[in-house]
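Asker: Before anything else, here's the structure in question.
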Amino acid sequence: MSTGITRPEEEEETESQAVGAARAAGESAYGQARMNETEIDAANEASQRRARRAVEDADHTVELKVFRYDPEVPEKEKPRFDSFTVPFAKGMTVLDALMWARDHYDSSLTFRHSCRQAVCGSDALFVDGKQRLGCKTQVADLADDGVPGEVRIEPLPHAEVVKDLVVDMEHFYDQMESVEPYFQDEDTPDGLNEQRQSRENREKIKMSTRCIWCGACMSSCNIAAGDNEYLGPAAINKAYRFAMDEREGEDLTEHRLNIIEQEHGVWRCQTQFSCTEVCPKDIPLTEHIQALKREAVKKNLKFW
Amino acid sequence: MSQSYDRGLVEDFGRWTEFSAGMWAWIFHKFTGWVLVGYLFTHIAVLSTAMAGPEVYTSTLQGLEALLVVRFLEVGLLAVAVFHILNGVRLLLVDLGIGLESQDRSFYASLILTGAIVVASVPTFLAGAL
């Protein structure tokens, strides 16, 4: 409770200062806010001075062109691109550059990120015309030689923008849930307390287990863009992961195939390979979708 | 998902310079497919002139072949048909799950092969017309 004791004192202090400032300004109601704003302004100026110095000192700088949009602020309702000059350091990722811009220029710059090591799947962005993970994309890799002059960063296409680089993932999650992406068989073989998987079967589904739900594939998919009901590459990949898992019983596998062979399931895929191109975890998505198509055909083909 | 406001050239076909091999293969396959469907109608129309008698059919064909533009269209038709066949074989392999990791190379191969066959056919198609 030490903070509880010290805080009132601090508040009193700032309050009395604020009252003084407010009296000087001939206003009392917004005194506190005004005080904080000037403080914020001063801090902003200081950080911008630091930014300028860092940019001047840097050997290379990168120009970030970042998509900005905020429907809640009238001045920012209209989508636009902001430019941020960021000092380049070896090993810098696109996410690092974005965070530097946010910390030094504009704290309202909004984007999702969490683990910063391509595991959480939060920061799928549209970088230089391709869906990539910000944290997995080296800035230096965006140019053929050395440091790129300009990097264009946009929110994922074919998704509703919530703010700046943040898109609404709800639809993507709905599609993922619809294939029941969890192990369902609870039977264990005789004499065992666990469900063991053969090495061969593990190899078969290995790549499909790598999905981090970033939504890059869904955003790149031309079909998913035009058909909201299409399950999308990520969900079908999840379906593959469980349908191909031998530990689940036959009736469960059939149930899974029933889901993916619907009108808006695997058959919407037109093998454009866009998803496979952009997947940051290198999952052969098209291959998995094609394999499920074959399973669906095999299930329905009867010669008797 | 696609009901987002217009983000200019971020979306869809405005990005054509960034399309990869698989996407181009799909676009060309659709395009050539529709061209072949369209050709089917003219093909039937021309063949149907035979119902008016062998002379009408012969004179129709001779009249068409005398036009230089028809000769060039025939070269184009061959290009379209050959690409559609070769990419169709490629898609068959994709459907069977064979060689998906080299799907881009098989697309380029079908493009190059189409070009070679079309170039080789030019003397035959344009013989006597130029």
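Residue numbers start at 1 in each chain; chains themselves are named A, B, ... in the order of the structure tokens; ligands are numbered from 1 in the order shown.
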Compile the contact shell of stretch 56-67 of chain B as an MDAnalysis selection string: residues with an atom at most 10 Å away, counting only C-alpha atoms, same-chain residues fewer than 2 positions apart removed.

Answerer: chainID B and resid 46:54 69:72 74 125:126 128:129

Asker: Compile the contact shell of A:Ala58 as number ranges by chain: residues with an atom at most 10 Å away, counting only C-alpha atoms, same-chain residues fewer than 6 positions apart removed.

Answerer: A: 52, 86-89

Asker: Given the selection you just returned, output its residues as a file containing N, CA and C atoms, formatted as a CSV table (one decimal), in the first residue's frame.

Answerer:
chain,number,residue,atom,x,y,z
A,52,ARG,N,15.6,13.3,-33.5
A,52,ARG,CA,16.4,14.0,-34.5
A,52,ARG,C,17.9,13.7,-34.4
A,86,VAL,N,13.6,6.6,-39.6
A,86,VAL,CA,14.0,5.8,-38.5
A,86,VAL,C,15.5,5.4,-38.7
A,87,PRO,N,16.4,5.6,-37.7
A,87,PRO,CA,17.8,5.2,-37.9
A,87,PRO,C,17.9,3.7,-38.0
A,88,PHE,N,18.6,3.2,-39.0
A,88,PHE,CA,18.7,1.8,-39.2
A,88,PHE,C,19.8,1.2,-38.4
A,89,ALA,N,19.6,0.1,-37.8
A,89,ALA,CA,20.6,-0.7,-37.1
A,89,ALA,C,20.6,-2.1,-37.6

Asker: What does the distance from atom CA of A:Thr137 to atom CA of A:Gln290 come to in Å, to one decimal?

Answerer: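 A separation of 28.5 Å between them.
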
Asker: Considering only helix (DSSP H, G or I) as DSSP defines it on the backbone, what residues of stretch 42-208 of chain A qualify? List them as a ChimeraX atom specification.

Answerer: /A:42-57,74-76,94-104,134-136,139-142,170-178,199-208

Asker: For each of A:His288, A:Ala243, A:Asp128, A:Lys298, take the minimum atom-to-atom distance to B:Arg15, counting only C-alpha atoms, then give the residue where this is smallest.

Answerer: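 Using only C-alpha atoms, the shortest distance to B:Arg15 belongs to A:Asp128.
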
Asker: How would you write, as a ChimeraX atom specification, the set of residues in stretch 159-275 of chain A that DSSP gives as strand (DSSP E)?

Answerer: /A:161-163,166-167

Asker: Sorted by chain and rising residue number, list the residues of chain A at most 8 Å from chain B (counting only C-alpha atoms), each with its closest atom pair and distance in Å to one decimal, as CSV.

Answerer:
residue,atom,partner,partner_atom,distance
A:Pro79,CA,B:Arg7,CA,7.8
A:Gly129,CA,B:Glu18,CA,6.7
A:Lys130,CA,B:Glu18,CA,7.9
A:Pro157,CA,B:Glu11,CA,6.1
A:His158,CA,B:Ser2,CA,4.9
A:Ala159,CA,B:Met1,CA,5.0
A:Glu160,CA,B:Ser4,CA,4.9
A:Val161,CA,B:Ser4,CA,7.2
A:His171,CA,B:Met1,CA,7.2
A:Asn222,CA,B:Asp12,CA,7.5
A:Ala225,CA,B:Ser2,CA,5.5
A:Gly226,CA,B:Ser2,CA,6.6
A:Asn228,CA,B:Met1,CA,6.2
A:Gln270,CA,B:Trp26,CA,7.6
A:Thr271,CA,B:Gly22,CA,7.3
A:Gln272,CA,B:Gly22,CA,4.6
A:Phe273,CA,B:Gly22,CA,5.3
A:Ser274,CA,B:Met23,CA,6.8
A:Glu287,CA,B:Gly97,CA,6.3
A:Gln290,CA,B:Asp95,CA,5.9
A:Ala291,CA,B:Gly97,CA,6.8
A:Arg294,CA,B:Leu96,CA,7.7

Asker: Between B:Ile44, B:Leu93, B:Val75, B:Leu36, which one has atoms that come closest to B:Pro123, using only C-alpha atoms?

Answerer: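 When distances to B:Pro123 are compared using only C-alpha atoms, the smallest one comes from B:Val75.
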
Asker: Using only C-alpha atoms, which residues sit within 10 Å of stretch 78-84 of chain B once same-chain residues fewer than 5 positions away are excluded, as an mmCIF file with N, CA and C atoms, in the first residue's frame?

Answerer:
data_model
loop_
_atom_site.group_PDB
_atom_site.id
_atom_site.type_symbol
_atom_site.label_atom_id
_atom_site.label_comp_id
_atom_site.auth_asym_id
_atom_site.auth_seq_id
_atom_site.Cartn_x
_atom_site.Cartn_y
_atom_site.Cartn_z
ATOM 1 N N ALA B 25 -0.553 -17.748 -63.124
ATOM 2 C CA ALA B 25 -1.014 -18.985 -63.754
ATOM 3 C C ALA B 25 -2.534 -19.052 -63.702
ATOM 4 N N PHE B 28 -4.053 -16.371 -66.161
ATOM 5 C CA PHE B 28 -3.907 -16.817 -67.558
ATOM 6 C C PHE B 28 -4.818 -18.003 -67.843
ATOM 7 N N HIS B 29 -4.940 -18.904 -66.878
ATOM 8 C CA HIS B 29 -5.772 -20.084 -67.108
ATOM 9 C C HIS B 29 -7.237 -19.688 -67.287
ATOM 10 N N LYS B 30 -7.702 -18.763 -66.426
ATOM 11 C CA LYS B 30 -9.082 -18.265 -66.558
ATOM 12 C C LYS B 30 -9.257 -17.582 -67.914
ATOM 13 N N PHE B 31 -8.319 -16.679 -68.243
ATOM 14 C CA PHE B 31 -8.415 -15.910 -69.482
ATOM 15 C C PHE B 31 -8.455 -16.829 -70.699
ATOM 16 N N THR B 32 -7.479 -17.760 -70.772
ATOM 17 C CA THR B 32 -7.431 -18.646 -71.930
ATOM 18 C C THR B 32 -8.672 -19.538 -71.976
ATOM 19 N N GLY B 33 -9.170 -19.915 -70.808
ATOM 20 C CA GLY B 33 -10.379 -20.735 -70.753
ATOM 21 C C GLY B 33 -11.563 -20.004 -71.385
ATOM 22 N N TRP B 34 -11.727 -18.728 -71.032
ATOM 23 C CA TRP B 34 -12.839 -17.958 -71.601
ATOM 24 C C TRP B 34 -12.654 -17.726 -73.092
ATOM 25 N N VAL B 35 -11.394 -17.501 -73.516
ATOM 26 C CA VAL B 35 -11.133 -17.327 -74.954
ATOM 27 C C VAL B 35 -11.535 -18.597 -75.701
ATOM 28 N N LEU B 36 -11.183 -19.762 -75.114
ATOM 29 C CA LEU B 36 -11.514 -21.022 -75.773
ATOM 30 C C LEU B 36 -13.027 -21.238 -75.829
ATOM 31 N N PHE B 72 -3.419 -14.324 -88.163
ATOM 32 C CA PHE B 72 -2.823 -13.944 -86.876
ATOM 33 C C PHE B 72 -3.674 -14.443 -85.706
ATOM 34 N N LEU B 73 -4.994 -14.366 -85.859
ATOM 35 C CA LEU B 73 -5.880 -14.861 -84.796
ATOM 36 C C LEU B 73 -5.657 -16.353 -84.557
ATOM 37 N N VAL B 89 -2.218 -29.501 -67.407
ATOM 38 C CA VAL B 89 -1.416 -30.632 -66.921
ATOM 39 C C VAL B 89 -0.767 -30.263 -65.594
ATOM 40 N N ARG B 90 -0.272 -29.025 -65.527
ATOM 41 C CA ARG B 90 0.338 -28.546 -64.284
ATOM 42 C C ARG B 90 -0.685 -28.608 -63.139
ATOM 43 N N PHE B 107 5.014 -23.506 -64.013
ATOM 44 C CA PHE B 107 4.293 -22.445 -64.709
ATOM 45 C C PHE B 107 5.204 -21.762 -65.735
ATOM 46 N N SER B 110 5.680 -24.008 -68.677
ATOM 47 C CA SER B 110 4.565 -24.053 -69.616
ATOM 48 C C SER B 110 4.515 -22.770 -70.449
ATOM 49 N N LEU B 111 4.912 -21.637 -69.856
ATOM 50 C CA LEU B 111 4.962 -20.389 -70.624
ATOM 51 C C LEU B 111 6.002 -20.479 -71.738
ATOM 52 N N ILE B 112 7.190 -20.958 -71.368
ATOM 53 C CA ILE B 112 8.279 -21.023 -72.343
ATOM 54 C C ILE B 112 7.935 -21.998 -73.462
ATOM 55 N N LEU B 113 7.396 -23.160 -73.075
ATOM 56 C CA LEU B 113 7.028 -24.174 -74.064
ATOM 57 C C LEU B 113 5.956 -23.626 -75.004
ATOM 58 N N THR B 114 4.975 -22.900 -74.427
ATOM 59 C CA THR B 114 3.940 -22.284 -75.254
ATOM 60 C C THR B 114 4.566 -21.341 -76.269
ATOM 61 N N GLY B 115 5.477 -20.493 -75.792
ATOM 62 C CA GLY B 115 6.148 -19.541 -76.681
ATOM 63 C C GLY B 115 6.872 -20.250 -77.806
ATOM 64 N N ALA B 116 7.599 -21.320 -77.458
ATOM 65 C CA ALA B 116 8.378 -22.041 -78.463
ATOM 66 C C ALA B 116 7.461 -22.649 -79.521
ATOM 67 N N ILE B 117 6.390 -23.287 -79.066
ATOM 68 C CA ILE B 117 5.478 -23.936 -80.012
ATOM 69 C C ILE B 117 4.820 -22.900 -80.917
ATOM 70 N N VAL B 118 4.428 -21.771 -80.340
ATOM 71 C CA VAL B 118 3.761 -20.726 -81.122
ATOM 72 C C VAL B 118 4.709 -20.167 -82.170
ATOM 73 N N VAL B 119 5.954 -19.890 -81.762
ATOM 74 C CA VAL B 119 6.926 -19.355 -82.716
ATOM 75 C C VAL B 119 7.148 -20.351 -83.852
ATOM 76 N N SER B 121 5.100 -22.401 -84.994
ATOM 77 C CA SER B 121 3.907 -22.575 -85.827
ATOM 78 C C SER B 121 3.695 -21.414 -86.785
ATOM 79 N N VAL B 122 4.379 -20.307 -86.542
ATOM 80 C CA VAL B 122 4.127 -19.100 -87.346
ATOM 81 C C VAL B 122 4.289 -19.341 -88.846
ATOM 82 N N PHE B 125 1.181 -21.144 -90.211
ATOM 83 C CA PHE B 125 -0.066 -20.381 -90.192
ATOM 84 C C PHE B 125 -0.056 -19.218 -91.177
#

Asker: Give the answer as one residue: which of A:Phe84, A:Tyr240, A:Trp213, A:Tyr230 has the shortest atom-to-atom distance to A:Ile153, using only C-alpha atoms?

Answerer: A:Phe84

Asker: As JSON, numbers by chain, please: the residues near A:Lys90 (cut-off 12 Å, only C-alpha atoms, same-chain neighbours under 4 positions excluded).

Answerer: {"A": [58, 59, 60, 61, 62, 94, 96, 97, 138, 139, 140, 141, 146, 147]}
